[in-house]
file structure_37.txt (compact mmCIF, N, CA and C atoms)
# COMPACT_ATOMS: atom_id res chain seq x y z
N ILE A 1 97.99 94.56 79.51
CA ILE A 1 97.31 94.57 80.80
C ILE A 1 97.68 95.86 81.53
N LYS A 2 96.68 96.56 81.99
CA LYS A 2 96.92 97.83 82.68
C LYS A 2 97.13 97.64 84.17
N ALA A 3 96.73 96.50 84.72
CA ALA A 3 96.81 96.28 86.16
C ALA A 3 97.84 95.20 86.49
N VAL A 4 99.07 95.43 86.07
CA VAL A 4 100.13 94.45 86.29
C VAL A 4 100.36 94.23 87.78
N ASP A 5 100.32 95.30 88.57
CA ASP A 5 100.55 95.16 90.00
C ASP A 5 99.49 94.27 90.65
N LYS A 6 98.23 94.39 90.22
CA LYS A 6 97.17 93.54 90.75
C LYS A 6 97.40 92.08 90.39
N LEU A 7 97.80 91.86 89.16
CA LEU A 7 98.08 90.51 88.70
C LEU A 7 99.21 89.89 89.50
N GLN A 8 100.27 90.65 89.73
CA GLN A 8 101.39 90.16 90.51
C GLN A 8 100.97 89.84 91.94
N HIS A 9 100.11 90.69 92.51
CA HIS A 9 99.63 90.47 93.87
C HIS A 9 98.80 89.18 93.95
N ILE A 10 97.93 88.97 93.00
CA ILE A 10 97.10 87.77 92.97
C ILE A 10 97.98 86.52 92.81
N ARG A 11 98.99 86.61 91.98
CA ARG A 11 99.90 85.47 91.79
C ARG A 11 100.64 85.15 93.09
N ALA A 12 101.04 86.19 93.80
CA ALA A 12 101.73 85.98 95.08
C ALA A 12 100.80 85.32 96.10
N ILE A 13 99.55 85.74 96.11
CA ILE A 13 98.57 85.14 97.03
C ILE A 13 98.34 83.68 96.66
N ARG A 14 98.24 83.39 95.39
CA ARG A 14 98.00 82.01 94.95
C ARG A 14 99.14 81.08 95.34
N LYS A 15 100.35 81.60 95.42
CA LYS A 15 101.51 80.79 95.79
C LYS A 15 101.57 80.50 97.29
N MET A 16 100.81 81.26 98.09
CA MET A 16 100.82 81.06 99.54
C MET A 16 100.19 79.70 99.88
N PRO A 17 100.70 79.06 100.92
CA PRO A 17 100.06 77.83 101.35
C PRO A 17 98.68 78.14 101.94
N GLN A 18 97.79 77.16 101.90
CA GLN A 18 96.44 77.37 102.45
C GLN A 18 96.56 77.75 103.93
N GLY A 19 95.64 78.53 104.38
CA GLY A 19 95.64 78.91 105.79
C GLY A 19 95.07 80.29 105.98
N GLU A 20 95.15 80.73 107.23
CA GLU A 20 94.56 82.02 107.60
C GLU A 20 95.22 83.19 106.89
N ARG A 21 96.53 83.13 106.72
CA ARG A 21 97.24 84.24 106.06
C ARG A 21 96.74 84.41 104.62
N LYS A 22 96.59 83.31 103.91
CA LYS A 22 96.10 83.37 102.53
C LYS A 22 94.66 83.88 102.51
N ASN A 23 93.83 83.37 103.40
CA ASN A 23 92.43 83.83 103.48
C ASN A 23 92.36 85.33 103.79
N ALA A 24 93.23 85.78 104.69
CA ALA A 24 93.25 87.20 105.05
C ALA A 24 93.67 88.05 103.86
N GLU A 25 94.67 87.60 103.11
CA GLU A 25 95.12 88.36 101.93
C GLU A 25 94.03 88.43 100.87
N LEU A 26 93.32 87.33 100.65
CA LEU A 26 92.22 87.33 99.68
C LEU A 26 91.11 88.27 100.14
N THR A 27 90.82 88.26 101.42
CA THR A 27 89.79 89.14 101.98
C THR A 27 90.22 90.59 101.84
N LEU A 28 91.49 90.87 102.09
CA LEU A 28 92.01 92.23 101.94
C LEU A 28 91.92 92.67 100.49
N TYR A 29 92.20 91.77 99.57
CA TYR A 29 92.10 92.10 98.14
C TYR A 29 90.67 92.51 97.78
N LYS A 30 89.71 91.95 98.49
CA LYS A 30 88.30 92.29 98.26
C LYS A 30 87.90 93.57 99.00
N ARG A 31 88.90 94.26 99.53
CA ARG A 31 88.72 95.55 100.22
C ARG A 31 87.93 95.42 101.52
N ARG A 32 88.15 94.32 102.22
CA ARG A 32 87.50 94.12 103.51
C ARG A 32 88.59 93.97 104.57
N ALA A 33 89.23 95.09 104.86
CA ALA A 33 90.40 95.11 105.74
C ALA A 33 90.07 94.66 107.16
N LYS A 34 88.95 95.13 107.69
CA LYS A 34 88.58 94.75 109.06
C LYS A 34 88.42 93.24 109.18
N GLU A 35 87.77 92.67 108.20
CA GLU A 35 87.55 91.22 108.20
C GLU A 35 88.89 90.47 108.06
N ALA A 36 89.77 90.99 107.24
CA ALA A 36 91.08 90.36 107.04
C ALA A 36 91.87 90.35 108.35
N LEU A 37 91.86 91.48 109.06
CA LEU A 37 92.54 91.55 110.36
C LEU A 37 91.91 90.58 111.36
N SER A 38 90.61 90.50 111.32
CA SER A 38 89.89 89.60 112.21
C SER A 38 90.31 88.14 111.96
N ILE A 39 90.47 87.77 110.70
CA ILE A 39 90.91 86.41 110.36
C ILE A 39 92.27 86.12 110.98
N LEU A 40 93.18 87.07 110.88
CA LEU A 40 94.52 86.88 111.42
C LEU A 40 94.52 86.79 112.95
N LEU A 41 93.73 87.63 113.58
CA LEU A 41 93.73 87.67 115.04
C LEU A 41 92.93 86.54 115.67
N GLN A 42 92.02 85.93 114.92
CA GLN A 42 91.23 84.82 115.45
C GLN A 42 91.85 83.47 115.13
N ALA A 43 92.94 83.46 114.39
CA ALA A 43 93.62 82.20 114.08
C ALA A 43 94.15 81.59 115.37
N ARG A 44 94.37 80.31 115.37
CA ARG A 44 94.93 79.62 116.53
C ARG A 44 96.27 79.03 116.16
N PRO A 45 97.36 79.53 116.68
CA PRO A 45 97.50 80.72 117.51
C PRO A 45 97.32 81.99 116.68
N PRO A 46 96.99 83.11 117.34
CA PRO A 46 96.78 84.36 116.59
C PRO A 46 98.03 84.76 115.81
N LEU A 47 97.82 85.23 114.60
CA LEU A 47 98.92 85.68 113.74
C LEU A 47 99.14 87.18 113.96
N THR A 48 99.58 87.49 115.17
CA THR A 48 99.72 88.88 115.59
C THR A 48 100.70 89.65 114.73
N PHE A 49 101.85 89.05 114.45
CA PHE A 49 102.84 89.73 113.63
C PHE A 49 102.26 90.07 112.26
N ASP A 50 101.56 89.11 111.66
CA ASP A 50 100.96 89.34 110.34
C ASP A 50 99.92 90.45 110.40
N ALA A 51 99.15 90.49 111.49
CA ALA A 51 98.13 91.53 111.66
C ALA A 51 98.79 92.90 111.79
N VAL A 52 99.86 92.98 112.56
CA VAL A 52 100.59 94.25 112.71
C VAL A 52 101.15 94.68 111.36
N GLU A 53 101.74 93.72 110.65
CA GLU A 53 102.32 94.03 109.34
C GLU A 53 101.25 94.52 108.36
N MET A 54 100.07 93.90 108.40
CA MET A 54 98.99 94.32 107.51
C MET A 54 98.54 95.74 107.84
N CYS A 55 98.44 96.06 109.12
CA CYS A 55 98.05 97.42 109.53
C CYS A 55 99.07 98.44 109.04
N VAL A 56 100.34 98.10 109.13
CA VAL A 56 101.39 99.00 108.67
C VAL A 56 101.28 99.22 107.17
N GLN A 57 101.04 98.15 106.43
CA GLN A 57 100.90 98.27 104.98
C GLN A 57 99.71 99.13 104.60
N LEU A 58 98.69 99.14 105.45
CA LEU A 58 97.49 99.94 105.20
C LEU A 58 97.58 101.33 105.84
N PHE A 59 98.74 101.64 106.43
CA PHE A 59 98.97 102.92 107.12
C PHE A 59 98.01 103.11 108.28
N ARG A 60 97.63 102.06 108.92
CA ARG A 60 96.78 102.11 110.13
C ARG A 60 97.71 101.99 111.33
N TRP A 61 98.44 103.06 111.57
CA TRP A 61 99.51 103.06 112.56
C TRP A 61 99.01 102.81 113.97
N GLU A 62 97.98 103.50 114.37
CA GLU A 62 97.49 103.36 115.74
C GLU A 62 96.92 101.97 115.98
N GLU A 63 96.29 101.41 114.97
CA GLU A 63 95.75 100.05 115.09
C GLU A 63 96.89 99.03 115.22
N ALA A 64 97.95 99.22 114.47
CA ALA A 64 99.11 98.33 114.57
C ALA A 64 99.70 98.38 115.97
N LEU A 65 99.83 99.58 116.51
CA LEU A 65 100.36 99.75 117.85
C LEU A 65 99.44 99.12 118.90
N THR A 66 98.16 99.30 118.74
CA THR A 66 97.19 98.73 119.68
C THR A 66 97.26 97.21 119.68
N ILE A 67 97.35 96.61 118.51
CA ILE A 67 97.44 95.14 118.41
C ILE A 67 98.71 94.66 119.11
N ALA A 68 99.83 95.34 118.87
CA ALA A 68 101.10 94.95 119.50
C ALA A 68 100.99 95.02 121.02
N GLN A 69 100.39 96.08 121.52
CA GLN A 69 100.28 96.25 122.97
C GLN A 69 99.23 95.32 123.57
N ARG A 70 98.15 95.07 122.86
CA ARG A 70 97.10 94.19 123.35
C ARG A 70 97.59 92.75 123.48
N THR A 71 98.48 92.36 122.60
CA THR A 71 99.04 91.01 122.63
C THR A 71 99.70 90.74 123.97
N SER A 72 100.46 91.69 124.46
CA SER A 72 101.13 91.49 125.74
C SER A 72 100.14 91.47 126.90
N ALA A 73 99.11 92.29 126.81
CA ALA A 73 98.12 92.33 127.89
C ALA A 73 97.41 90.98 128.02
N ARG A 74 97.09 90.37 126.89
CA ARG A 74 96.42 89.06 126.92
C ARG A 74 97.31 87.99 127.52
N ARG A 75 98.59 88.13 127.30
CA ARG A 75 99.52 87.11 127.79
C ARG A 75 100.03 87.43 129.19
N GLY A 76 99.55 88.54 129.75
CA GLY A 76 99.97 88.91 131.09
C GLY A 76 101.40 89.40 131.17
N ILE A 77 101.88 89.97 130.08
CA ILE A 77 103.26 90.46 130.05
C ILE A 77 103.24 91.96 130.32
N SER A 78 104.13 92.39 131.19
CA SER A 78 104.18 93.81 131.53
C SER A 78 104.59 94.63 130.32
N GLN A 79 104.46 95.94 130.45
CA GLN A 79 104.78 96.81 129.32
C GLN A 79 106.23 96.66 128.87
N LYS A 80 107.11 96.29 129.79
CA LYS A 80 108.50 96.09 129.41
C LYS A 80 108.77 94.62 129.10
N GLY A 81 107.71 93.84 128.97
CA GLY A 81 107.84 92.42 128.67
C GLY A 81 108.39 92.19 127.28
N HIS A 82 108.89 91.02 127.08
CA HIS A 82 109.62 90.65 125.86
C HIS A 82 108.79 90.81 124.58
N ILE A 83 107.62 90.22 124.51
CA ILE A 83 106.85 90.20 123.26
C ILE A 83 106.32 91.59 122.91
N GLU A 84 105.67 92.23 123.84
CA GLU A 84 105.09 93.55 123.57
C GLU A 84 106.18 94.53 123.17
N TYR A 85 107.28 94.48 123.87
CA TYR A 85 108.36 95.41 123.60
C TYR A 85 108.86 95.24 122.18
N GLU A 86 109.02 94.01 121.74
CA GLU A 86 109.53 93.77 120.40
C GLU A 86 108.54 94.20 119.32
N LEU A 87 107.27 93.83 119.47
CA LEU A 87 106.28 94.22 118.47
C LEU A 87 106.08 95.72 118.46
N THR A 88 106.08 96.34 119.63
CA THR A 88 105.96 97.79 119.70
C THR A 88 107.15 98.45 119.01
N ASP A 89 108.33 97.93 119.26
CA ASP A 89 109.52 98.47 118.59
C ASP A 89 109.43 98.32 117.09
N LEU A 90 108.89 97.20 116.64
CA LEU A 90 108.73 97.00 115.20
C LEU A 90 107.80 98.05 114.60
N VAL A 91 106.68 98.31 115.27
CA VAL A 91 105.73 99.32 114.80
C VAL A 91 106.41 100.69 114.80
N LEU A 92 107.15 100.99 115.87
CA LEU A 92 107.85 102.28 115.94
C LEU A 92 108.89 102.40 114.83
N TRP A 93 109.57 101.31 114.55
CA TRP A 93 110.57 101.34 113.49
C TRP A 93 109.92 101.61 112.13
N TYR A 94 108.83 100.89 111.84
CA TYR A 94 108.12 101.12 110.57
C TYR A 94 107.64 102.58 110.49
N ARG A 95 107.10 103.08 111.58
CA ARG A 95 106.60 104.46 111.61
C ARG A 95 107.75 105.44 111.38
N SER A 96 108.87 105.18 112.02
CA SER A 96 110.03 106.04 111.88
C SER A 96 110.51 106.08 110.43
N GLN A 97 110.56 104.90 109.79
CA GLN A 97 110.98 104.83 108.40
C GLN A 97 110.02 105.59 107.49
N TYR A 98 108.75 105.45 107.76
CA TYR A 98 107.71 106.15 106.99
C TYR A 98 107.88 107.66 107.10
N LEU A 99 108.05 108.15 108.32
CA LEU A 99 108.22 109.59 108.53
C LEU A 99 109.50 110.10 107.87
N GLN A 100 110.54 109.30 107.95
CA GLN A 100 111.81 109.71 107.35
C GLN A 100 111.68 109.84 105.83
N ARG A 101 111.01 108.86 105.20
CA ARG A 101 110.83 108.93 103.74
C ARG A 101 110.03 110.16 103.33
N LEU A 102 109.03 110.52 104.13
CA LEU A 102 108.20 111.68 103.80
C LEU A 102 108.79 112.99 104.31
N ARG A 103 109.88 112.88 105.07
CA ARG A 103 110.51 114.06 105.69
C ARG A 103 109.50 114.85 106.52
N ARG A 104 108.80 114.10 107.36
CA ARG A 104 107.79 114.72 108.23
C ARG A 104 108.13 114.45 109.68
N LYS A 105 107.53 115.23 110.55
CA LYS A 105 107.68 115.03 111.99
C LYS A 105 106.46 114.26 112.48
N GLU A 106 106.63 113.59 113.60
CA GLU A 106 105.54 112.81 114.18
C GLU A 106 104.38 113.71 114.58
N ASP A 107 103.17 113.31 114.19
CA ASP A 107 102.00 114.11 114.53
C ASP A 107 100.93 113.31 115.28
N ILE A 108 101.20 112.05 115.56
CA ILE A 108 100.26 111.24 116.33
C ILE A 108 100.76 111.19 117.77
N GLY A 109 99.92 111.66 118.67
CA GLY A 109 100.29 111.79 120.08
C GLY A 109 100.84 110.54 120.73
N THR A 110 100.22 109.41 120.48
CA THR A 110 100.66 108.15 121.08
C THR A 110 102.08 107.82 120.65
N PHE A 111 102.38 108.02 119.39
CA PHE A 111 103.72 107.73 118.88
C PHE A 111 104.72 108.74 119.42
N LYS A 112 104.34 110.02 119.49
CA LYS A 112 105.23 111.03 120.06
C LYS A 112 105.65 110.61 121.46
N GLU A 113 104.65 110.20 122.24
CA GLU A 113 104.88 109.78 123.62
C GLU A 113 105.85 108.61 123.70
N LEU A 114 105.62 107.59 122.88
CA LEU A 114 106.48 106.41 122.90
C LEU A 114 107.90 106.73 122.44
N PHE A 115 108.02 107.56 121.41
CA PHE A 115 109.36 107.95 120.96
C PHE A 115 110.09 108.69 122.08
N GLN A 116 109.38 109.60 122.78
CA GLN A 116 109.99 110.35 123.87
C GLN A 116 110.36 109.44 125.03
N GLN A 117 109.46 108.50 125.38
CA GLN A 117 109.75 107.57 126.47
C GLN A 117 111.02 106.78 126.22
N ARG A 118 111.23 106.41 124.99
CA ARG A 118 112.41 105.60 124.65
C ARG A 118 113.60 106.46 124.23
N GLY A 119 113.41 107.77 124.21
CA GLY A 119 114.50 108.67 123.85
C GLY A 119 114.94 108.51 122.40
N ILE A 120 113.96 108.28 121.53
CA ILE A 120 114.26 108.04 120.12
C ILE A 120 113.81 109.21 119.27
N ILE A 121 114.67 109.61 118.35
CA ILE A 121 114.31 110.61 117.36
C ILE A 121 113.99 109.82 116.09
N PRO A 122 112.74 109.88 115.62
CA PRO A 122 112.37 109.08 114.44
C PRO A 122 113.35 109.25 113.30
N GLY A 123 113.78 108.12 112.74
CA GLY A 123 114.69 108.15 111.59
C GLY A 123 116.15 108.09 111.97
N ASP A 124 116.52 108.54 113.16
CA ASP A 124 117.93 108.59 113.52
C ASP A 124 118.42 107.30 114.17
N GLN A 125 117.99 107.07 115.40
CA GLN A 125 118.55 105.98 116.18
C GLN A 125 118.03 104.61 115.78
N PHE A 126 117.03 104.55 114.94
CA PHE A 126 116.48 103.26 114.55
C PHE A 126 117.30 102.58 113.46
N GLU A 127 118.21 103.29 112.83
CA GLU A 127 119.00 102.68 111.76
C GLU A 127 119.76 101.46 112.28
N VAL A 128 120.27 101.52 113.49
CA VAL A 128 121.02 100.42 114.08
C VAL A 128 120.10 99.22 114.32
N MET A 129 118.83 99.49 114.64
CA MET A 129 117.87 98.43 114.95
C MET A 129 117.35 97.73 113.71
N GLU A 130 117.51 98.31 112.54
CA GLU A 130 116.89 97.78 111.33
C GLU A 130 117.24 96.32 111.08
N VAL A 131 118.50 95.99 111.10
CA VAL A 131 118.92 94.62 110.80
C VAL A 131 118.41 93.67 111.86
N ALA A 132 118.52 94.05 113.12
CA ALA A 132 118.07 93.18 114.21
C ALA A 132 116.56 92.93 114.13
N LEU A 133 115.78 93.97 113.86
CA LEU A 133 114.33 93.81 113.78
C LEU A 133 113.94 92.98 112.57
N ARG A 134 114.55 93.23 111.44
CA ARG A 134 114.23 92.45 110.24
C ARG A 134 114.57 90.98 110.44
N ASP A 135 115.72 90.70 111.06
CA ASP A 135 116.10 89.31 111.32
C ASP A 135 115.13 88.65 112.29
N LYS A 136 114.73 89.38 113.29
CA LYS A 136 113.85 88.84 114.33
C LYS A 136 112.47 88.52 113.78
N PHE A 137 111.93 89.39 112.93
CA PHE A 137 110.54 89.26 112.52
C PHE A 137 110.31 88.77 111.10
N SER A 138 111.37 88.63 110.31
CA SER A 138 111.15 88.17 108.94
C SER A 138 110.72 86.70 108.98
N PRO A 139 109.80 86.33 108.09
CA PRO A 139 109.31 84.95 108.07
C PRO A 139 110.46 83.96 107.82
N LYS A 140 110.46 82.91 108.60
CA LYS A 140 111.49 81.88 108.46
C LYS A 140 111.15 80.99 107.28
N LYS A 141 112.12 80.72 106.42
CA LYS A 141 111.91 79.81 105.30
C LYS A 141 112.32 78.40 105.71
N VAL A 142 111.45 77.47 105.44
CA VAL A 142 111.71 76.09 105.84
C VAL A 142 112.33 75.32 104.70
call {"tool": "encode", "arguments": {"input": "structure_37.txt", "output": "structure tokens"}}
result
Amino acid sequence: IKAVDKLQHIRAIRKMPQGERKNAELTLYKRRAKEALSILLQARPPLTFDAVEMCVQLFRWEEALTIAQRTSARRGISQKGHIEYELTDLVLWYRSQYLQRLRRKEDIGTFKELFQQRGIIPGDQFEVMEVALRDKFSPKKV
């Protein structure tokens, strides 16, 4: 088999419990990313974290950031509010790790601005946050 990675991905999807996340993954496999994100965001309650994670996996950085920030606006949470701040930090952390691996500097204006506002140099100060963010956002096993 030449497409072992595809086979492994399909097996992982098949093991998922029924629900919006599984439907979104199947839709994404069919190369319909917009529709997959829509499935996650229209779920009740919206699967915002999963949508942000999917955008990051697809390297849709600005979309991931927009979803994180829009979540707080819908809930009436200020920019320094608990939920938006955490999801935004998660997106910034993923972006920082990506830039560090590629040894590149930030070139997206919105991210430059957010890094400067928080006084963060991508790749440097986020190392301390890695464990806390992963613990906070990793799926809980029941």
call {"tool": "atom_distance", "arguments": {"input": "structure_37.txt", "atom1": "atom N of Arg21 (chain A)", "atom2": "CA of Lys34 (chain A)"}}
result
14.3 Å
call {"tool": "atom_distance", "arguments": {"input": "structure_37.txt", "atom1": "CA of Ala43 (chain A)", "atom2": "CA of Arg11 (chain A)"}}
result
23.4 Å
call {"tool": "closest_residue", "arguments": {"input": "structure_37.txt", "among": "A:Lys105, A:Arg95, A:Lys6, A:Arg44", "to": "Ala64 (chain A)", "atoms": "only C-alpha atoms"}}
result
A:Arg95
call {"tool": "closest_residue", "arguments": {"input": "structure_37.txt", "among": "A:Phe115, A:Ile108, A:Met54, A:Asn23", "to": "Glu35 (chain A)", "atoms": "all atoms listed in the file"}}
result
A:Asn23
call {"tool": "atom_distance", "arguments": {"input": "structure_37.txt", "atom1": "atom N of Phe49 (chain A)", "atom2": "CA of Lys22 (chain A)"}}
result
14.4 Å
call {"tool": "select_by_dssp", "arguments": {"input": "structure_37.txt", "residues": "region 97-126 of chain A", "states": "alpha helix (DSSP H)", "output": "PyMOL selection string"}}
result
chain A and resi 97-102+109-117
call {"tool": "residues_around", "arguments": {"input": "structure_37.txt", "residues": "Ala24 (chain A)", "least_positions_apart": "6", "cutoff": "7 Å", "atoms": "all atoms listed in the file", "output": "PyMOL selection string"}}
result
chain A and resi 35-37+39-40
call {"tool": "axis_aligned_box", "arguments": {"input": "structure_37.txt", "around": "region 109-115 of chain A", "padding_each_side": "6 Å", "output": "lines of an AutoDock Vina configuration file"}}
result
center_x = 105.0
center_y = 109.1
center_z = 121.2
size_x = 22.2
size_y = 17.4
size_z = 17.0
call {"tool": "closest_residue", "arguments": {"input": "structure_37.txt", "among": "A:Leu92, A:Ile67, A:Ala3, A:Met16", "to": "Thr48 (chain A)", "atoms": "only N, CA and C atoms"}}
result
A:Ile67
